[in-house]
Structures are given as C-alpha cells and as structure tokens.
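Note: the block below is my_file.txt and it holds compact mmCIF, C-alpha atoms.
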# COMPACT_ATOMS: atom_id res chain seq x y z
CA MET A 652 35.45 3.72 5.99
CA ILE A 653 33.15 3.49 2.97
CA ASP A 654 32.27 0.29 1.15
CA VAL A 655 30.09 0.19 -1.96
CA ARG A 656 28.30 -2.96 -3.05
CA ARG A 657 26.69 -3.02 -6.47
CA ALA A 658 23.27 -4.45 -7.19
CA SER A 659 24.81 -7.03 -9.51
CA GLU A 660 26.81 -8.48 -6.60
CA ARG A 661 23.73 -9.44 -4.61
CA GLY A 662 22.43 -12.97 -4.30
CA HIS A 663 19.58 -13.93 -6.64
CA ALA A 664 16.83 -16.53 -6.44
CA GLN A 665 14.31 -17.21 -9.21
CA HIS A 666 11.43 -19.46 -8.17
CA GLY A 667 9.04 -18.68 -11.02
CA TRP A 668 6.39 -17.08 -8.82
CA LEU A 669 9.10 -15.18 -6.90
CA ASP A 670 12.08 -13.21 -8.20
CA SER A 671 14.26 -12.18 -5.26
CA PHE A 672 17.56 -10.31 -4.80
CA HIS A 673 19.36 -10.70 -1.47
CA SER A 674 21.62 -7.97 -0.10
CA PHE A 675 22.78 -10.36 2.65
CA SER A 676 23.06 -14.14 3.02
CA PHE A 677 19.58 -15.64 2.98
CA ALA A 678 18.11 -19.12 2.40
CA ASP A 679 20.24 -20.87 -0.27
CA TYR A 680 22.41 -17.78 -0.84
CA TYR A 681 25.42 -17.80 1.47
CA ASP A 682 28.27 -15.30 1.44
CA PRO A 683 30.38 -15.10 4.62
CA GLU A 684 31.41 -11.57 3.65
CA HIS A 685 27.79 -10.40 3.63
CA MET A 686 25.98 -11.84 6.65
CA GLY A 687 24.51 -8.52 7.74
CA PHE A 688 25.57 -5.08 8.89
CA GLY A 689 25.26 -4.55 12.62
CA PRO A 690 21.70 -5.63 13.52
CA LEU A 691 20.55 -5.23 9.90
CA ARG A 692 20.22 -8.82 8.77
CA VAL A 693 18.07 -8.94 5.60
CA ILE A 694 17.14 -6.70 2.68
CA ASN A 695 15.33 -8.77 0.09
CA GLU A 696 14.00 -7.10 -3.05
CA ASP A 697 11.06 -9.29 -4.02
CA ARG A 698 8.77 -9.42 -7.03
CA VAL A 699 5.80 -11.77 -6.62
CA ARG A 700 3.64 -12.83 -9.54
CA PRO A 701 -0.13 -12.15 -9.54
CA GLY A 702 -2.13 -14.47 -7.31
CA LYS A 703 0.99 -15.92 -5.63
CA GLY A 704 2.70 -15.47 -2.30
CA PHE A 705 4.41 -16.86 0.77
CA GLY A 706 2.28 -19.43 2.57
CA THR A 707 1.88 -19.41 6.34
CA HIS A 708 5.25 -19.69 8.07
CA GLY A 709 6.80 -18.74 11.40
CA HIS A 710 9.33 -16.23 12.74
CA ARG A 711 10.90 -15.56 16.12
CA ASP A 712 12.97 -12.73 17.58
CA MET A 713 13.14 -10.51 14.51
CA GLU A 714 11.86 -7.04 13.58
CA ILE A 715 10.40 -7.40 10.07
CA ILE A 716 9.64 -4.34 7.93
CA SER A 717 7.81 -4.46 4.60
CA TYR A 718 8.18 -1.50 2.20
CA VAL A 719 6.08 -1.72 -0.97
CA LEU A 720 7.33 -0.14 -4.21
CA GLU A 721 4.60 -1.23 -6.64
CA GLY A 722 1.30 -3.07 -6.27
CA GLY A 723 -0.30 -4.37 -3.09
CA LEU A 724 0.95 -6.86 -0.47
CA THR A 725 -1.61 -8.70 1.66
CA HIS A 726 -0.55 -9.76 5.16
CA LYS A 727 -2.27 -12.10 7.62
CA ASP A 728 -0.87 -13.29 10.95
CA SER A 729 -1.61 -15.32 14.06
CA MET A 730 -2.14 -12.11 16.08
CA GLY A 731 -5.32 -11.53 14.09
CA ASN A 732 -3.97 -8.81 11.82
CA GLY A 733 -4.92 -8.70 8.17
CA SER A 734 -4.35 -5.85 5.74
CA THR A 735 -3.04 -4.88 2.31
CA ILE A 736 -0.21 -2.38 2.16
CA ARG A 737 0.69 -0.30 -0.89
CA PRO A 738 3.39 2.22 -1.87
CA GLY A 739 3.74 4.74 0.96
CA ASP A 740 2.83 2.23 3.67
CA VAL A 741 5.38 0.84 6.12
CA GLN A 742 4.56 -2.34 8.02
CA ARG A 743 6.44 -3.57 11.09
CA MET A 744 5.97 -6.97 12.65
CA SER A 745 7.88 -7.89 15.82
CA ALA A 746 8.10 -11.67 15.82
CA GLY A 747 9.26 -11.90 19.44
CA THR A 748 8.31 -15.18 21.12
CA GLY A 749 6.85 -16.42 17.85
CA VAL A 750 4.30 -15.52 15.22
CA MET A 751 2.86 -17.18 12.12
CA HIS A 752 2.08 -15.10 9.06
CA SER A 753 1.54 -15.18 5.31
CA GLU A 754 2.17 -12.63 2.58
CA SER A 755 0.68 -12.63 -0.89
CA ASN A 756 0.17 -10.50 -3.95
CA ALA A 757 -3.13 -8.68 -3.52
CA SER A 758 -3.77 -8.71 -7.29
CA ASP A 759 -4.67 -11.47 -9.72
CA SER A 760 -3.36 -9.43 -12.64
CA ASP A 761 -0.46 -7.22 -11.53
CA PRO A 762 2.85 -8.10 -9.83
CA VAL A 763 3.87 -6.72 -6.45
CA HIS A 764 7.37 -5.33 -5.90
CA PHE A 765 8.54 -4.76 -2.35
CA LEU A 766 11.46 -4.80 0.08
CA GLN A 767 11.44 -7.10 3.08
CA ILE A 768 13.83 -5.94 5.80
CA TRP A 769 14.87 -7.86 8.90
CA ILE A 770 16.51 -6.19 11.89
CA GLU A 771 17.68 -8.20 14.88
CA PRO A 772 16.06 -6.95 18.12
CA ASN A 773 18.08 -5.78 21.11
CA ARG A 774 16.16 -8.14 23.41
CA ARG A 775 14.75 -11.57 22.80
CA GLY A 776 11.44 -13.05 23.84
CA VAL A 777 9.31 -9.89 23.58
CA LYS A 778 5.58 -10.08 23.04
CA PRO A 779 4.83 -10.21 19.28
CA GLY A 780 3.51 -6.96 17.84
CA TYR A 781 2.28 -5.38 14.63
CA GLU A 782 2.11 -1.82 13.34
CA GLU A 783 1.65 -0.02 10.04
CA LYS A 784 1.87 3.65 9.15
CA ARG A 785 1.51 5.62 5.94
CA PHE A 786 4.11 8.15 4.77
CA GLU A 787 2.96 10.21 1.81
CA ALA A 788 5.46 11.09 -0.91
CA ASP A 789 5.40 14.77 0.04
CA SER A 790 6.76 13.92 3.50
CA LYS A 791 9.82 12.26 1.90
CA ARG A 792 10.41 14.76 -0.88
CA GLY A 793 13.81 16.44 -0.55
CA ARG A 794 14.36 15.22 3.01
CA LEU A 795 15.16 12.20 5.10
CA ARG A 796 11.85 11.17 6.65
CA LEU A 797 12.10 9.00 9.77
CA ILE A 798 9.89 5.94 9.20
CA ALA A 799 11.11 3.53 11.92
CA SER A 800 12.78 4.17 15.28
CA PRO A 801 13.10 2.75 18.81
CA ASP A 802 10.71 5.33 20.28
CA GLY A 803 8.20 5.96 17.49
CA ALA A 804 9.53 9.50 17.02
CA GLU A 805 7.88 11.73 14.41
CA GLY A 806 5.10 9.20 13.90
CA SER A 807 7.44 6.41 12.81
CA VAL A 808 6.80 2.72 13.44
CA THR A 809 8.50 1.41 16.60
CA LEU A 810 11.42 -1.04 16.64
CA ASN A 811 12.83 -3.19 19.43
CA GLN A 812 16.32 -2.02 18.48
CA ASP A 813 18.36 1.20 18.66
CA ALA A 814 18.06 1.63 14.89
CA ARG A 815 16.52 4.39 12.82
CA LEU A 816 15.31 4.02 9.26
CA TYR A 817 14.81 7.02 6.98
CA ALA A 818 13.29 7.26 3.50
CA ALA A 819 13.90 10.04 0.98
CA LEU A 820 12.77 11.01 -2.52
CA LEU A 821 15.39 13.14 -4.27
CA ASP A 822 15.68 14.64 -7.73
CA GLY A 823 17.63 17.36 -9.51
CA GLY A 824 19.11 19.90 -7.12
CA GLU A 825 17.63 18.31 -4.00
CA ALA A 826 20.31 17.26 -1.52
CA VAL A 827 20.39 15.98 2.05
CA GLU A 828 23.02 15.27 4.69
CA HIS A 829 22.95 12.91 7.66
CA ALA A 830 25.44 13.37 10.51
CA MET A 831 26.96 10.22 11.98
CA ALA A 832 27.85 9.79 15.63
CA PRO A 833 31.28 8.20 16.28
CA ASP A 834 29.74 4.98 17.59
CA ARG A 835 27.17 4.58 14.80
CA ARG A 836 27.21 3.07 11.33
CA VAL A 837 25.06 3.86 8.28
CA TYR A 838 23.77 1.63 5.52
CA LEU A 839 22.32 3.27 2.41
CA HIS A 840 20.16 1.28 0.00
CA VAL A 841 19.16 2.83 -3.33
CA VAL A 842 15.61 1.71 -4.02
CA ARG A 843 15.43 3.26 -7.50
CA GLY A 844 16.88 6.06 -9.57
CA GLU A 845 20.42 7.40 -9.40
CA ILE A 846 22.25 9.42 -6.78
CA GLU A 847 25.71 10.41 -5.57
CA ALA A 848 26.55 9.45 -1.98
CA ASN A 849 29.69 11.14 -0.64
CA GLY A 850 30.64 11.73 -4.26
CA GLN A 851 30.17 8.15 -5.46
CA ALA A 852 27.58 7.36 -8.11
CA LEU A 853 24.98 4.76 -7.13
CA GLY A 854 22.10 3.20 -9.04
CA PRO A 855 19.09 0.97 -8.29
CA GLY A 856 19.91 -1.82 -5.85
CA ASP A 857 23.35 -0.41 -5.03
CA ALA A 858 24.33 0.02 -1.39
CA MET A 859 26.89 1.92 0.64
CA LYS A 860 28.20 0.96 4.09
CA LEU A 861 29.75 3.68 6.23
CA THR A 862 31.67 3.23 9.48
CA ARG A 863 33.83 5.77 11.33
CA GLU A 864 32.64 8.55 9.02
CA SER A 865 31.28 11.91 10.15
CA ARG A 866 28.44 12.26 7.64
CA ILE A 867 26.80 10.98 4.50
CA GLN A 868 25.84 13.47 1.81
CA LEU A 869 23.31 12.69 -0.92
CA ALA A 870 23.14 14.89 -4.03
CA HIS A 871 22.88 14.98 -7.84
CA ALA A 872 19.86 12.71 -7.81
CA ARG A 873 17.80 11.55 -10.75
CA ALA A 874 14.36 10.29 -9.65
CA ALA A 875 15.97 8.61 -6.64
CA GLU A 876 14.32 6.84 -3.73
CA VAL A 877 16.64 5.76 -0.93
CA LEU A 878 16.49 4.08 2.46
CA LEU A 879 19.07 5.09 5.07
CA PHE A 880 19.68 2.94 8.17
CA ASP A 881 21.36 4.57 11.19
CA LEU A 882 22.62 1.59 13.23
CA PRO A 883 24.52 0.83 16.42
Let me see whether you can do it: turn the structure in this file into structure tokens.
Amino acid sequence: MIDVRRASERGHAQHGWLDSFHSFSFADYYDPEHMGFGPLRVINEDRVRPGKGFGTHGHRDMEIISYVLEGGLTHKDSMGNGSTIRPGDVQRMSAGTGVMHSESNASDSDPVHFLQIWIEPNRRGVKPGYEEKRFEADSKRGRLRLIASPDGAEGSVTLNQDARLYAALLDGGEAVEHAMAPDRRVYLHVVRGEIEANGQALGPGDAMKLTRESRIQLAHARAAEVLLFDLP
C-alpha cells in the first residue's frame, strides 16, 4: 500500500522567531490520522531566525535526530555536550531516563533551516547518550547513504530502535532502489527538489508511506535530497 501526503497538508506553526511545519501531530497541531508511522513520531521542518532558539527544556525516552539544511544549529545539554552542527552533520541524542538541552541559531545574521526527527526507542529508561557524525555530499550522491541504524553500521549514528535512516542526493539520470522486507515499512521524506517515487511525482516537503510493498524506486530527480526511513 502506498500513501502520499503533500507538504501543504502538514501542520504549520508560526511563532515569529520560529516557522515550523509538522509532518505528524505535534504541540498544538493534532491530527488523529497522522500521529506517527511505526516508531517514527516527529518530523518537524524548522526555520529559526538569527539569534533565536529553543530555551533549555527536557526530554525522556526518545531518539532525537537533527539534520541541518542551511546555517548552523548550536546544541547544549545536561550531559556536557556543546557543539554547532551544519549541513552534512547528523546529530543523535538519546533522551533515555531524561536530559535537558537547548538549541539555537548559531548566527546573529542568517537563519537556520533544519529537520528535527523523533523516533520512539525500543526500550525505555536507557542511559542518555549523544553522538554526531559528518556525511559529506559525495557519500550521498546517487546512492542511499546509511546515516542512522541500530548497530552503527557503515559509520552511521546509533539508534535504540530497529530503524534505519538513509539520505540521498539525486539529480538527472541518477536512480536508486530500496528493497523492502515483508515485515517492514518505509517512509520517504523529500527534503528539497523533485523526484518520482514508484512513478509518483513528489516535491519539497512531500512524503510517501509504503507498507506491504516489495521495493521503493527513486528516479527522474531534479536537484533532490531525500530521507528514507526503513522501519519495523
């Protein structure tokens, strides 16, 4: 089964300093038809104005991934971590038994544009953890590059969930295919550009959910960047 959800159907919150689109129910946006997809619970596309950010707040029992598209995102947490991630970096924070953190735009003059992704863990009460890795554009060009996995395969960040996240940059004649096991589901999020997924045209912010399919094929791309989640 294939289900396409257009970018325009997402929830939207405009707070002045923050412009956010929600793929799933989040904060004041509630849609019982879009509460998540398997353990994938949140994909927020956020734009934060210069010099602004999310003040210190807490999380528990969630795998949180930050994926920067433009600008720099500064992170600080109660584990003692502090860094600024930029396009190409992937940051994973396992909230586990509880962690406090803040996120802010690293620039006083330029906005930051990023995706915040939440994945529910397969066990609760783990020790909080933090990890970041860099994945250069060449490693994602014309292929699905594994960037998060349960075992840290291929240098990916490690998740407390049987989920795998891939990133790809595709253009022109570049095409990729991902085989699906019978007991798995796939969620495709188009970060930017245009692409055809199993023959259906998708644009920035569009998503495709696949269950009980044998494969997903991506082709006919125009400056596309995509994230593909292989989920239980």
Quick one: residues within 12 Å of Lys727 in chain A, all atoms listed in the file, excluding same-chain residues fewer than 4 positions away - as a PDB file with C-alpha atoms, in the frame of the given file?
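File selection.pdb, as written:
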ATOM      1  CA  GLY A 704       2.700 -15.470  -2.300  1.00  0.00           C
ATOM      2  CA  PHE A 705       4.410 -16.860   0.770  1.00  0.00           C
ATOM      3  CA  GLY A 706       2.280 -19.430   2.570  1.00  0.00           C
ATOM      4  CA  THR A 707       1.880 -19.410   6.340  1.00  0.00           C
ATOM      5  CA  HIS A 708       5.250 -19.690   8.070  1.00  0.00           C
ATOM      6  CA  GLY A 709       6.800 -18.740  11.400  1.00  0.00           C
ATOM      7  CA  GLY A 731      -5.320 -11.530  14.090  1.00  0.00           C
ATOM      8  CA  ASN A 732      -3.970  -8.810  11.820  1.00  0.00           C
ATOM      9  CA  GLY A 733      -4.920  -8.700   8.170  1.00  0.00           C
ATOM     10  CA  SER A 734      -4.350  -5.850   5.740  1.00  0.00           C
ATOM     11  CA  THR A 735      -3.040  -4.880   2.310  1.00  0.00           C
ATOM     12  CA  ILE A 736      -0.210  -2.380   2.160  1.00  0.00           C
ATOM     13  CA  GLN A 742       4.560  -2.340   8.020  1.00  0.00           C
ATOM     14  CA  MET A 744       5.970  -6.970  12.650  1.00  0.00           C
ATOM     15  CA  VAL A 750       4.300 -15.520  15.220  1.00  0.00           C
ATOM     16  CA  MET A 751       2.860 -17.180  12.120  1.00  0.00           C
ATOM     17  CA  HIS A 752       2.080 -15.100   9.060  1.00  0.00           C
ATOM     18  CA  SER A 753       1.540 -15.180   5.310  1.00  0.00           C
ATOM     19  CA  GLU A 754       2.170 -12.630   2.580  1.00  0.00           C
ATOM     20  CA  SER A 755       0.680 -12.630  -0.890  1.00  0.00           C
ATOM     21  CA  ASN A 756       0.170 -10.500  -3.950  1.00  0.00           C
ATOM     22  CA  ALA A 757      -3.130  -8.680  -3.520  1.00  0.00           C
ATOM     23  CA  TYR A 781       2.280  -5.380  14.630  1.00  0.00           C
TER      24      TYR A 781
END
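Comparing A:Val842, A:Asp789, A:His673, A:Asp822 by their smallest distance to Ser659 in chain A, the closest is A:His673 (using only C-alpha atoms).
Of the residues listed (A:Val699, A:Ile715, A:Ala848, A:Leu766), A:Ile715 shows the shortest atom-to-atom separation from Gln812 in chain A; distances use all atoms listed in the file.
Minimum distance to Glu845 in chain A across A:Arg873, A:Arg656, A:Arg737, A:His726 (counting all atoms listed in the file) occurs at A:Arg873.
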So the first atom is CA of Ser745 in chain A and the second is CA of Ile716 in chain A; what is the distance between them in Å, to one decimal place?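 Spanning CA of Ser745 in chain A to CA of Ile716 in chain A is a straight-line distance of 8.8 Å.
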Please write out, as JSON, where the centre of an axis-aligned box around all listed atoms of range 793-809 of chain A lies and how long its edges are, in Å to one decimal, after adding 4 Å on each side.
{"center_x": 10.1, "center_y": 8.9, "center_z": 9.9, "size_x": 18.1, "size_y": 23.0, "size_z": 28.8}
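Residue nearest Leu795 in chain A, chosen from A:Met859, A:Leu879, A:Ala746, A:Ala664 and counting only C-alpha atoms: A:Leu879.
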So, with only C-alpha atoms as the atoms that count, which of A:Thr725, A:Thr862, A:Gln665, A:Asn811 lies closest to Tyr838 in chain A?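 Counting only C-alpha atoms, the residue closest to Tyr838 in chain A is A:Thr862.
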Rounded to one decimal, what separation in Å do you get between CA of Arg698 in chain A and CA of Ala788 in chain A? 21.7 Å
So the first atom is CA of Val719 in chain A and the second is CA of Ala818 in chain A; what is the distance between them in Å, to one decimal place?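 Spanning CA of Val719 in chain A to CA of Ala818 in chain A is a straight-line distance of 12.4 Å.
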I need the residue nearest Arg661 in chain A from this list: A:Glu714, A:Glu876, A:Asp857, A:Glu782. Use only C-alpha atoms for the distance.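 Using only C-alpha atoms, the shortest distance to Arg661 in chain A belongs to A:Asp857.
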Find the residues with any atom within 12 Å of (21.8, -14.8, 0.2); use all atoms listed in the file and the coordinates as given in the file, and write the answer as a PyMOL selection string. chain A and resi 660-664+671-687+692-696
Nearby residues (all atoms listed in the file) at most 12 Å from Arg796 in chain A, same-chain spacing under 6 positions excluded, as an MDAnalysis selection string: chainID A and resid 739 785:790 804:808 815:821 827 829 876:880
Step by step: start from the point (26.8, -2.1, 13.7) in the file's coordinates, keep every protein, DNA or RNA residue that has an atom no farther than 9 Å from it, count only C-alpha atoms, and write the set as a ChimeraX atom specification. /A:688-691,834-837,862,881-883
